[in-house]
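Engineer: Input structure: my_file.cif, which contains mmCIF, C-alpha atoms.
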```cif
data_input
loop_
_atom_site.label_atom_id
_atom_site.label_comp_id
_atom_site.auth_asym_id
_atom_site.auth_seq_id
_atom_site.Cartn_x
_atom_site.Cartn_y
_atom_site.Cartn_z
CA MET A 1 6.81 45.87 -32.29
CA SER A 2 3.72 44.28 -30.91
CA ILE A 3 2.48 40.84 -30.30
CA LEU A 4 -0.71 39.75 -31.95
CA LEU A 5 -3.34 38.69 -29.52
CA ARG A 6 -5.75 36.09 -30.72
CA PRO A 7 -9.41 36.73 -29.92
CA GLY A 8 -9.21 33.87 -27.47
CA VAL A 9 -6.72 35.77 -25.40
CA HIS A 10 -9.11 38.63 -25.12
CA ARG A 11 -11.80 36.32 -23.93
CA ILE A 12 -9.64 35.46 -20.97
CA HIS A 13 -9.34 39.12 -20.11
CA ARG A 14 -13.05 39.54 -20.40
CA ASN A 15 -13.69 36.74 -17.99
CA MET A 16 -11.21 38.20 -15.57
CA SER A 17 -12.95 41.51 -15.75
CA ALA A 18 -16.14 39.99 -14.43
CA MET A 19 -14.64 40.01 -10.98
CA SER A 20 -12.69 43.23 -11.15
CA GLY A 21 -12.68 46.89 -11.64
CA VAL A 22 -15.13 49.63 -10.76
CA VAL A 23 -13.54 51.85 -13.39
CA GLU A 24 -13.61 49.08 -15.93
CA SER A 25 -17.33 48.49 -15.49
CA THR A 26 -18.02 52.23 -15.59
CA ILE A 27 -16.16 52.47 -18.89
CA ARG A 28 -18.07 49.48 -20.16
CA SER A 29 -21.50 50.80 -19.28
CA LYS A 30 -20.80 54.32 -20.55
CA LEU A 31 -19.63 53.07 -23.93
CA LEU A 32 -22.41 50.53 -24.21
CA GLN A 33 -25.11 53.05 -23.43
CA SER A 34 -23.89 56.11 -25.28
CA LEU A 35 -22.51 54.41 -28.37
CA GLU A 36 -24.90 51.48 -28.46
CA ALA A 37 -21.85 49.36 -29.09
CA LYS A 38 -22.40 46.25 -31.17
CA HIS A 39 -19.16 44.85 -29.88
CA LEU A 40 -17.18 46.05 -26.93
CA ASP A 41 -13.97 44.98 -25.28
CA VAL A 42 -12.66 46.84 -22.28
CA ILE A 43 -9.22 45.49 -21.52
CA ASN A 44 -7.38 46.48 -18.40
CA GLU A 45 -3.75 46.64 -19.48
CA SER A 46 -2.52 48.09 -16.22
CA TYR A 47 -0.72 44.88 -15.34
CA MET A 48 1.72 45.68 -18.16
CA HIS A 49 2.88 48.73 -16.27
CA ASN A 50 4.63 49.64 -13.09
CA VAL A 51 1.49 50.05 -11.00
CA PRO A 52 0.06 48.16 -7.99
CA LYS A 53 -1.73 44.90 -8.63
CA GLY A 54 -5.38 45.41 -9.47
CA ALA A 55 -4.77 48.99 -10.55
CA GLU A 56 -7.05 50.56 -13.16
CA THR A 57 -4.76 53.00 -14.91
CA HIS A 58 -4.19 51.67 -18.42
CA PHE A 59 -7.02 50.55 -20.65
CA LYS A 60 -7.63 49.51 -24.18
CA VAL A 61 -11.14 49.66 -25.59
CA VAL A 62 -12.42 48.05 -28.76
CA VAL A 63 -15.69 49.68 -29.75
CA VAL A 64 -17.84 48.75 -32.71
CA SER A 65 -20.69 51.18 -33.24
CA ASP A 66 -22.96 52.55 -35.95
CA LYS A 67 -22.32 55.98 -34.49
CA PHE A 68 -18.84 55.97 -36.01
CA GLU A 69 -20.27 55.85 -39.51
CA GLY A 70 -18.91 58.71 -41.62
CA LEU A 71 -16.65 60.01 -38.85
CA PRO A 72 -12.89 60.29 -39.38
CA LEU A 73 -10.73 58.44 -36.89
CA ILE A 74 -9.88 61.50 -34.87
CA LYS A 75 -13.55 62.31 -34.30
CA ARG A 76 -14.30 58.75 -33.25
CA HIS A 77 -11.49 58.94 -30.74
CA ARG A 78 -12.70 62.31 -29.49
CA LEU A 79 -16.16 60.84 -29.01
CA VAL A 80 -14.77 58.05 -26.83
CA ASN A 81 -12.40 60.40 -24.99
CA ASP A 82 -15.25 62.77 -24.20
CA LEU A 83 -17.46 60.00 -22.87
CA LEU A 84 -14.66 58.88 -20.58
CA LYS A 85 -13.56 62.37 -19.60
CA ASP A 86 -14.21 61.85 -15.89
CA GLU A 87 -12.26 58.62 -15.81
CA LEU A 88 -9.36 60.15 -17.71
CA GLN A 89 -9.21 63.00 -15.24
CA SER A 90 -9.35 60.77 -12.21
CA GLY A 91 -6.75 58.07 -12.56
CA VAL A 92 -7.03 56.53 -15.99
CA HIS A 93 -3.71 57.37 -17.45
CA ALA A 94 -3.64 55.60 -20.79
CA LEU A 95 -6.48 54.84 -23.12
CA SER A 96 -5.89 53.03 -26.34
CA ILE A 97 -8.85 53.07 -28.71
CA VAL A 98 -9.94 50.88 -31.58
CA ALA A 99 -13.10 52.39 -33.05
CA LYS A 100 -14.78 50.68 -35.99
CA THR A 101 -18.13 50.65 -37.69
CA PRO A 102 -19.92 47.27 -37.74
CA GLU A 103 -19.09 46.96 -41.43
CA GLN A 104 -15.39 47.62 -40.83
CA TRP A 105 -15.40 45.21 -37.93
CA GLU A 106 -16.96 42.43 -40.03
CA LYS A 107 -14.43 43.00 -42.78
CA SER A 108 -11.50 43.02 -40.36
CA ASP A 109 -9.85 39.94 -38.94
CA LYS A 110 -11.24 40.94 -35.54
CA VAL A 111 -7.81 40.68 -34.08
CA VAL A 112 -6.63 43.53 -31.94
CA GLU A 113 -2.96 44.08 -31.31
CA SER A 114 -1.87 44.49 -27.75
CA SER A 115 -0.46 47.81 -26.66
CA PRO A 116 3.28 48.43 -26.79
CA ASN A 117 5.38 47.55 -23.82
CA CYS A 118 5.83 50.03 -21.04
CA LYS A 119 9.06 52.00 -20.99
CA GLY A 120 8.84 52.93 -17.35
CA GLY A 121 7.80 56.56 -17.71
CA PHE A 122 4.58 56.14 -15.79
CA GLY A 123 4.33 58.27 -12.69
CA LYS A 124 7.47 60.17 -13.50
CA MET B 125 13.94 66.82 -4.70
CA ASN B 126 13.86 70.56 -4.29
CA SER B 127 10.30 70.84 -5.38
CA LEU B 128 9.32 67.95 -3.13
CA LEU B 129 10.82 69.71 -0.14
CA ARG B 130 9.17 72.93 -1.02
CA ARG B 131 5.82 71.26 -1.41
CA SER B 132 5.97 69.54 1.95
CA LEU B 133 7.32 72.55 3.83
CA PHE B 134 5.26 75.31 2.31
CA PRO B 135 2.04 73.83 1.02
CA ILE B 136 0.02 76.97 1.58
CA TYR B 137 2.64 79.21 0.07
CA SER B 138 3.01 77.12 -3.04
CA ASN B 139 -0.74 76.75 -3.45
CA THR B 140 -1.40 80.47 -3.38
CA LEU B 141 1.53 81.03 -5.65
CA LYS B 142 0.18 78.49 -8.09
CA LEU B 143 -3.28 80.05 -7.99
CA SER B 144 -2.06 83.54 -8.62
CA CYS B 145 0.33 82.48 -11.34
CA ARG B 146 -1.89 80.04 -13.11
CA SER B 147 -3.50 82.43 -15.56
CA PHE B 148 -0.12 83.78 -16.61
CA ALA B 149 1.39 80.32 -16.90
CA ASP B 150 -1.55 79.18 -19.05
CA VAL B 151 -1.08 82.04 -21.45
CA GLY B 152 2.66 81.45 -21.54
CA VAL B 153 2.46 77.75 -22.30
CA LYS B 154 -0.30 78.27 -24.83
CA GLU B 155 1.80 80.71 -26.80
CA LYS B 156 4.80 78.45 -26.48
CA ILE B 157 2.86 75.51 -27.93
CA ASP B 158 1.46 77.62 -30.76
CA THR B 159 5.00 78.61 -31.69
CA ILE B 160 6.37 75.08 -31.38
CA VAL B 161 3.76 73.48 -33.62
CA LYS B 162 4.06 76.19 -36.25
CA ASN B 163 7.85 76.16 -36.38
CA ASN B 164 8.17 72.65 -37.74
CA LYS B 165 6.23 70.60 -40.25
CA VAL B 166 6.11 67.61 -37.94
CA VAL B 167 6.15 67.91 -34.15
CA VAL B 168 5.82 65.12 -31.59
CA PHE B 169 5.02 65.67 -27.93
CA MET B 170 6.15 62.55 -26.15
CA LYS B 171 7.42 61.00 -22.96
CA GLY B 172 11.19 60.88 -23.08
CA VAL B 173 13.29 61.63 -26.14
CA PRO B 174 13.43 59.81 -29.51
CA ASP B 175 16.63 58.00 -28.51
CA ALA B 176 15.12 56.95 -25.19
CA PRO B 177 11.33 57.01 -25.13
CA ARG B 178 9.87 56.52 -21.66
CA CYS B 179 6.53 55.08 -22.72
CA GLY B 180 5.59 52.35 -25.15
CA PHE B 181 3.08 54.52 -26.97
CA SER B 182 5.64 57.28 -27.47
CA ASN B 183 8.13 54.68 -28.62
CA ALA B 184 5.69 53.37 -31.22
CA VAL B 185 5.31 56.86 -32.69
CA VAL B 186 9.10 57.29 -32.79
CA GLN B 187 9.43 53.97 -34.62
CA ILE B 188 6.81 54.99 -37.18
CA MET B 189 8.59 58.30 -37.80
CA ARG B 190 11.86 56.42 -38.17
CA MET B 191 10.38 54.01 -40.73
CA HIS B 192 9.19 56.94 -42.84
CA ALA B 193 12.44 58.81 -42.14
CA VAL B 194 10.48 61.90 -41.15
CA PRO B 195 12.44 64.85 -39.82
CA TYR B 196 10.58 66.08 -36.75
CA ASP B 197 10.84 68.19 -33.69
CA SER B 198 10.17 66.40 -30.40
CA HIS B 199 9.33 67.66 -26.94
CA ASP B 200 9.57 65.69 -23.74
CA VAL B 201 6.53 66.39 -21.57
CA LEU B 202 8.05 64.55 -18.62
CA SER B 203 10.61 67.28 -18.22
CA ASP B 204 8.03 70.06 -18.30
CA GLU B 205 4.86 69.72 -16.25
CA ASP B 206 3.33 72.91 -17.70
CA LEU B 207 3.84 71.55 -21.19
CA ARG B 208 2.40 68.16 -20.19
CA GLN B 209 -0.89 69.74 -19.08
CA GLY B 210 -0.72 72.52 -21.64
CA ILE B 211 -0.57 70.22 -24.63
CA LYS B 212 -3.56 68.22 -23.38
CA ASP B 213 -5.54 71.44 -23.04
CA HIS B 214 -4.33 72.75 -26.37
CA SER B 215 -5.49 69.74 -28.37
CA ASN B 216 -8.35 68.82 -26.05
CA TRP B 217 -6.80 65.37 -26.07
CA PRO B 218 -6.19 63.49 -22.82
CA THR B 219 -3.14 61.41 -23.63
CA ILE B 220 0.49 61.59 -24.75
CA PRO B 221 2.01 61.18 -27.38
CA GLN B 222 0.53 63.81 -29.66
CA VAL B 223 1.57 64.36 -33.25
CA PHE B 224 1.21 67.61 -35.17
CA ILE B 225 1.59 68.00 -38.91
CA ASN B 226 1.68 71.53 -40.33
CA GLY B 227 0.55 72.97 -37.01
CA GLU B 228 -2.46 70.74 -36.82
CA PHE B 229 -3.09 68.01 -34.28
CA VAL B 230 -3.27 64.70 -36.13
CA GLY B 231 -3.61 62.17 -33.37
CA GLY B 232 -1.95 59.97 -30.81
CA CYS B 233 -0.33 56.56 -31.09
CA ASP B 234 -3.43 54.61 -32.21
CA ILE B 235 -4.22 57.04 -35.00
CA MET B 236 -0.61 57.24 -36.19
CA LEU B 237 -0.45 53.47 -36.28
CA GLN B 238 -3.61 53.24 -38.33
CA MET B 239 -2.51 56.02 -40.67
CA HIS B 240 0.76 54.19 -41.12
CA GLN B 241 -0.99 50.92 -41.90
CA SER B 242 -3.53 52.44 -44.28
CA GLY B 243 -0.93 54.47 -46.17
CA GLU B 244 -2.65 57.68 -45.18
CA LEU B 245 0.47 58.89 -43.39
CA ILE B 246 2.44 58.86 -46.65
CA GLU B 247 -0.25 61.07 -48.19
CA GLU B 248 -0.36 63.47 -45.26
CA LEU B 249 3.41 63.82 -45.33
CA LYS B 250 3.33 64.41 -49.06
CA LYS B 251 0.93 67.31 -48.53
CA VAL B 252 3.54 69.11 -46.46
CA GLY B 253 6.38 68.30 -48.81
CA ILE B 254 7.90 65.37 -46.95
CA LYS B 255 8.57 62.25 -48.96
CA SER B 256 8.27 59.12 -46.86
CA ALA B 257 11.23 56.74 -47.02
CA LEU B 258 8.72 53.93 -47.49
CA LEU B 259 7.52 55.59 -50.66
CA THR B 260 11.07 56.03 -51.90
CA ALA B 261 11.79 52.37 -51.19
CA GLU B 262 8.65 51.32 -53.03
CA GLU B 263 9.54 53.41 -56.06
CA SER B 264 13.06 52.05 -56.34
CA LYS B 265 11.66 48.54 -56.11
CA LYS B 266 9.33 49.26 -59.02
CA GLU B 267 12.21 50.77 -60.92
CA GLU B 268 14.19 47.57 -60.51
CA GLN B 269 11.33 45.47 -61.77
CA LYS B 270 11.05 47.43 -64.99
#
```
Can you present the structure in this file as structure tokens?

Structural biologist:
Amino acid sequence: MSILLRPGVHRIHRNMSAMSGVVESTIRSKLLQSLEAKHLDVINESYMHNVPKGAETHFKVVVVSDKFEGLPLIKRHRLVNDLLKDELQSGVHALSIVAKTPEQWEKSDKVVESSPNCKGGFGK
Amino acid sequence: MNSLLRRSLFPIYSNTLKLSCRSFADVGVKEKIDTIVKNNKVVVFMKGVPDAPRCGFSNAVVQIMRMHAVPYDSHDVLSDEDLRQGIKDHSNWPTIPQVFINGEFVGGCDIMLQMHQSGELIEELKKVGIKSALLTAEESKKEEQK
């Protein structure tokens, strides 16, 4: 169903992001500040969808934070969704979230699967 | 096409209409959603239909449901704009798909995927009297080994 992305692949995205995206950097700074993220990846996956080049519509975030400690998954996601409320209301159309505590992140293989392929429903 | 025409020809008309109708529409869709999620043990709000999902995230949820052989009720938000906004408001959740079990919002694609991987989904389904096909398969395997 999905292709495994090696951490190295993410690094490429991260480098690319250095030169792009107002929305992307807003997401990055909001999550860094509010969640004091120990590890953060903000991946613009818009290119996988039927949107103009350089668009900032589809994102995946990988957040590792102490603030997730003791929170069920749904509450962690709500926390991230709430922080990015403005972005989600103004153009960000898809947000995939991986939310782990530092302990969970250390125990994991630190590999994040890429999002499923688009089926063309965007904008319809 | 019709709605496009209407929008371009009568923008003021449609705006006032929308404003005056909004409160009624909100109540209507809210009640509709309440009924939908209570009528079935498992309900999925998605883009497209299970046989032809129109979004990768919706497709992933459909595949998970298929693996567990879960009977569920699905609703295509692309064919109903009120429902599309209404369900986001209802769950206070910004994205589609959305999965409900026993009337309660459980999560979107990421959460379903994690619940599937951790085995939690099997447990949640068990609570509402649905036996996952994965569990059945596991049991028959054990039976064979005996």

Engineer: Let me know the residues the PyMOL selection byres ((chain B and resi 228) around 10) catches in the file above, as a list in words.

Structural biologist: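 On the file shown, the PyMOL selection byres ((chain B and resi 228) around 10) covers Asp158, Val161, Lys162, Lys165, Val166, Val167, Ser215, Val223, Phe224, Ile225, Asn226, Gly227, Phe229, Val230 and Gly231 of chain B.
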
Engineer: Can you list every residue of chain B that has an atom at most 6 Å from chain A, with its nearest atom pair and the distance in Å to one decimal, using all atoms listed in the file, ordered by chain then number, as CSV?

Structural biologist:
```
residue,atom,partner,partner_atom,distance
B:Arg178,CA,A:Gly121,CA,4.5
B:Cys179,CA,A:Lys119,CA,4.3
B:Gly180,CA,A:Cys118,CA,4.7
```

Engineer: One number please: atom CA of Glu87 of chain A to atom CA of Glu24 of chain A, in Å, one decimal.

Structural biologist: 9.6 Å

Engineer: Go through A:Leu32, A:Glu69, A:Ser114, A:Ile43 and flag the residue nearest Thr57 of chain A, using only C-alpha atoms for the distances.

Structural biologist: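 Answer, going by the shortest atom-to-atom distance: A:Ile43.
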
Engineer: Between atom CA of Pro218 of chain B and atom CA of Ala55 of chain A, what is the spacing in Å?

Structural biologist: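 Result for atom CA of Ala55 of chain A versus atom CA of Pro218 of chain B: 19.0 Å, one decimal.
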
Engineer: List the residues matched by the PyMOL selection byres ((chain B and resi 185-201) around 7) in the displayed structure as a list in words, ordered by chain and then by residue number.

Structural biologist: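 Taken on the displayed file, the PyMOL selection byres ((chain B and resi 185-201) around 7) yields the residues Asn164, Val166, Val167, Val168, Phe169, Met170, Lys171, Gly172, Val173, Pro174, Phe181, Ser182, Asn183, Ala184, Leu202, Ser203, Asp204, Glu205, Leu207, Arg208, Cys233, Met236, Ser256, Ala257 and Leu258 of chain B.
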
Engineer: Of the residues A:Gly91, A:Asp86, A:Lys67, A:His39, which is the one nearest to Glu106 of chain A, using only C-alpha atoms?

Structural biologist: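 So, comparing all the options, the nearest one is A:His39.
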
Engineer: Suppose you want the space between atom CA of Val64 of chain A and atom CA of Glu36 of chain A; what is it in Å?

Structural biologist: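 A separation of 8.7 Å between them.
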
Engineer: How would segment 248-259 of chain B read, as a PDB file, keeping the file's coordinate frame, once all heavy atoms are built in?

Structural biologist:
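File written: selection_18.pdb
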```pdb
ATOM      1  N   GLU B 248      -0.386  62.268 -46.091  1.00  0.00           N
ATOM      2  CA  GLU B 248      -0.360  63.470 -45.260  1.00  0.00           C
ATOM      3  C   GLU B 248       1.017  64.123 -45.287  1.00  0.00           C
ATOM      4  O   GLU B 248       1.141  65.344 -45.308  1.00  0.00           O
ATOM      5  CB  GLU B 248      -0.749  63.130 -43.812  1.00  0.00           C
ATOM      6  CG  GLU B 248      -2.237  62.822 -43.626  1.00  0.00           C
ATOM      7  CD  GLU B 248      -3.135  63.960 -44.087  1.00  0.00           C
ATOM      8  OE1 GLU B 248      -2.873  65.117 -43.705  1.00  0.00           O
ATOM      9  OE2 GLU B 248      -4.099  63.691 -44.843  1.00  0.00           O
ATOM     10  N   LEU B 249       2.048  63.286 -45.289  1.00  0.00           N
ATOM     11  CA  LEU B 249       3.410  63.820 -45.330  1.00  0.00           C
ATOM     12  C   LEU B 249       3.681  64.485 -46.675  1.00  0.00           C
ATOM     13  O   LEU B 249       4.320  65.530 -46.757  1.00  0.00           O
ATOM     14  CB  LEU B 249       4.427  62.696 -45.075  1.00  0.00           C
ATOM     15  CG  LEU B 249       4.460  62.134 -43.653  1.00  0.00           C
ATOM     16  CD1 LEU B 249       5.323  60.883 -43.572  1.00  0.00           C
ATOM     17  CD2 LEU B 249       4.959  63.179 -42.652  1.00  0.00           C
ATOM     18  N   LYS B 250       3.149  63.867 -47.710  1.00  0.00           N
ATOM     19  CA  LYS B 250       3.330  64.410 -49.060  1.00  0.00           C
ATOM     20  C   LYS B 250       2.755  65.822 -49.142  1.00  0.00           C
ATOM     21  O   LYS B 250       3.351  66.724 -49.731  1.00  0.00           O
ATOM     22  CB  LYS B 250       2.611  63.490 -50.056  1.00  0.00           C
ATOM     23  CG  LYS B 250       3.274  63.439 -51.433  1.00  0.00           C
ATOM     24  CD  LYS B 250       2.446  62.653 -52.426  1.00  0.00           C
ATOM     25  CE  LYS B 250       2.726  61.160 -52.412  1.00  0.00           C
ATOM     26  NZ  LYS B 250       1.784  60.394 -53.272  1.00  0.00           N
ATOM     27  N   LYS B 251       1.594  66.005 -48.499  1.00  0.00           N
ATOM     28  CA  LYS B 251       0.930  67.310 -48.530  1.00  0.00           C
ATOM     29  C   LYS B 251       1.810  68.421 -47.971  1.00  0.00           C
ATOM     30  O   LYS B 251       1.666  69.583 -48.330  1.00  0.00           O
ATOM     31  CB  LYS B 251      -0.370  67.256 -47.708  1.00  0.00           C
ATOM     32  CG  LYS B 251      -1.534  66.618 -48.439  1.00  0.00           C
ATOM     33  CD  LYS B 251      -2.789  66.706 -47.583  1.00  0.00           C
ATOM     34  CE  LYS B 251      -3.801  65.650 -47.999  1.00  0.00           C
ATOM     35  NZ  LYS B 251      -4.836  65.473 -46.975  1.00  0.00           N
ATOM     36  N   VAL B 252       2.681  68.071 -47.028  1.00  0.00           N
ATOM     37  CA  VAL B 252       3.540  69.110 -46.460  1.00  0.00           C
ATOM     38  C   VAL B 252       4.960  69.048 -47.016  1.00  0.00           C
ATOM     39  O   VAL B 252       5.892  69.632 -46.465  1.00  0.00           O
ATOM     40  CB  VAL B 252       3.571  69.041 -44.898  1.00  0.00           C
ATOM     41  CG1 VAL B 252       2.190  69.271 -44.328  1.00  0.00           C
ATOM     42  CG2 VAL B 252       4.135  67.716 -44.407  1.00  0.00           C
ATOM     43  N   GLY B 253       5.098  68.307 -48.110  1.00  0.00           N
ATOM     44  CA  GLY B 253       6.380  68.300 -48.810  1.00  0.00           C
ATOM     45  C   GLY B 253       7.413  67.347 -48.223  1.00  0.00           C
ATOM     46  O   GLY B 253       8.608  67.519 -48.436  1.00  0.00           O
ATOM     47  N   ILE B 254       6.956  66.356 -47.477  1.00  0.00           N
ATOM     48  CA  ILE B 254       7.900  65.370 -46.950  1.00  0.00           C
ATOM     49  C   ILE B 254       7.658  64.041 -47.670  1.00  0.00           C
ATOM     50  O   ILE B 254       6.537  63.527 -47.694  1.00  0.00           O
ATOM     51  CB  ILE B 254       7.729  65.163 -45.435  1.00  0.00           C
ATOM     52  CG1 ILE B 254       8.010  66.463 -44.685  1.00  0.00           C
ATOM     53  CG2 ILE B 254       8.657  64.051 -44.926  1.00  0.00           C
ATOM     54  CD1 ILE B 254       7.704  66.404 -43.203  1.00  0.00           C
ATOM     55  N   LYS B 255       8.732  63.523 -48.267  1.00  0.00           N
ATOM     56  CA  LYS B 255       8.570  62.250 -48.960  1.00  0.00           C
ATOM     57  C   LYS B 255       8.973  61.115 -48.034  1.00  0.00           C
ATOM     58  O   LYS B 255      10.109  61.041 -47.561  1.00  0.00           O
ATOM     59  CB  LYS B 255       9.440  62.235 -50.222  1.00  0.00           C
ATOM     60  CG  LYS B 255       9.113  61.056 -51.097  1.00  0.00           C
ATOM     61  CD  LYS B 255       9.807  61.171 -52.440  1.00  0.00           C
ATOM     62  CE  LYS B 255       9.449  59.984 -53.309  1.00  0.00           C
ATOM     63  NZ  LYS B 255      10.229  59.981 -54.540  1.00  0.00           N
ATOM     64  N   SER B 256       8.015  60.239 -47.764  1.00  0.00           N
ATOM     65  CA  SER B 256       8.270  59.120 -46.860  1.00  0.00           C
ATOM     66  C   SER B 256       9.320  58.180 -47.450  1.00  0.00           C
ATOM     67  O   SER B 256       9.318  57.899 -48.638  1.00  0.00           O
ATOM     68  CB  SER B 256       6.982  58.353 -46.615  1.00  0.00           C
ATOM     69  OG  SER B 256       7.268  57.069 -46.106  1.00  0.00           O
ATOM     70  N   ALA B 257      10.202  57.684 -46.580  1.00  0.00           N
ATOM     71  CA  ALA B 257      11.230  56.740 -47.020  1.00  0.00           C
ATOM     72  C   ALA B 257      10.587  55.451 -47.531  1.00  0.00           C
ATOM     73  O   ALA B 257      11.151  54.764 -48.382  1.00  0.00           O
ATOM     74  CB  ALA B 257      12.175  56.428 -45.860  1.00  0.00           C
ATOM     75  N   LEU B 258       9.411  55.137 -47.022  1.00  0.00           N
ATOM     76  CA  LEU B 258       8.720  53.930 -47.490  1.00  0.00           C
ATOM     77  C   LEU B 258       8.294  54.084 -48.942  1.00  0.00           C
ATOM     78  O   LEU B 258       8.321  53.140 -49.718  1.00  0.00           O
ATOM     79  CB  LEU B 258       7.496  53.631 -46.602  1.00  0.00           C
ATOM     80  CG  LEU B 258       7.812  53.240 -45.162  1.00  0.00           C
ATOM     81  CD1 LEU B 258       6.530  52.887 -44.417  1.00  0.00           C
ATOM     82  CD2 LEU B 258       8.781  52.069 -45.122  1.00  0.00           C
ATOM     83  N   LEU B 259       7.915  55.313 -49.280  1.00  0.00           N
ATOM     84  CA  LEU B 259       7.520  55.590 -50.660  1.00  0.00           C
ATOM     85  C   LEU B 259       8.733  55.500 -51.580  1.00  0.00           C
ATOM     86  O   LEU B 259       8.682  54.896 -52.653  1.00  0.00           O
ATOM     87  CB  LEU B 259       6.890  56.984 -50.733  1.00  0.00           C
ATOM     88  CG  LEU B 259       6.185  57.363 -52.030  1.00  0.00           C
ATOM     89  CD1 LEU B 259       5.015  56.435 -52.291  1.00  0.00           C
ATOM     90  CD2 LEU B 259       5.693  58.805 -51.960  1.00  0.00           C
TER      91      LEU B 259
END
```
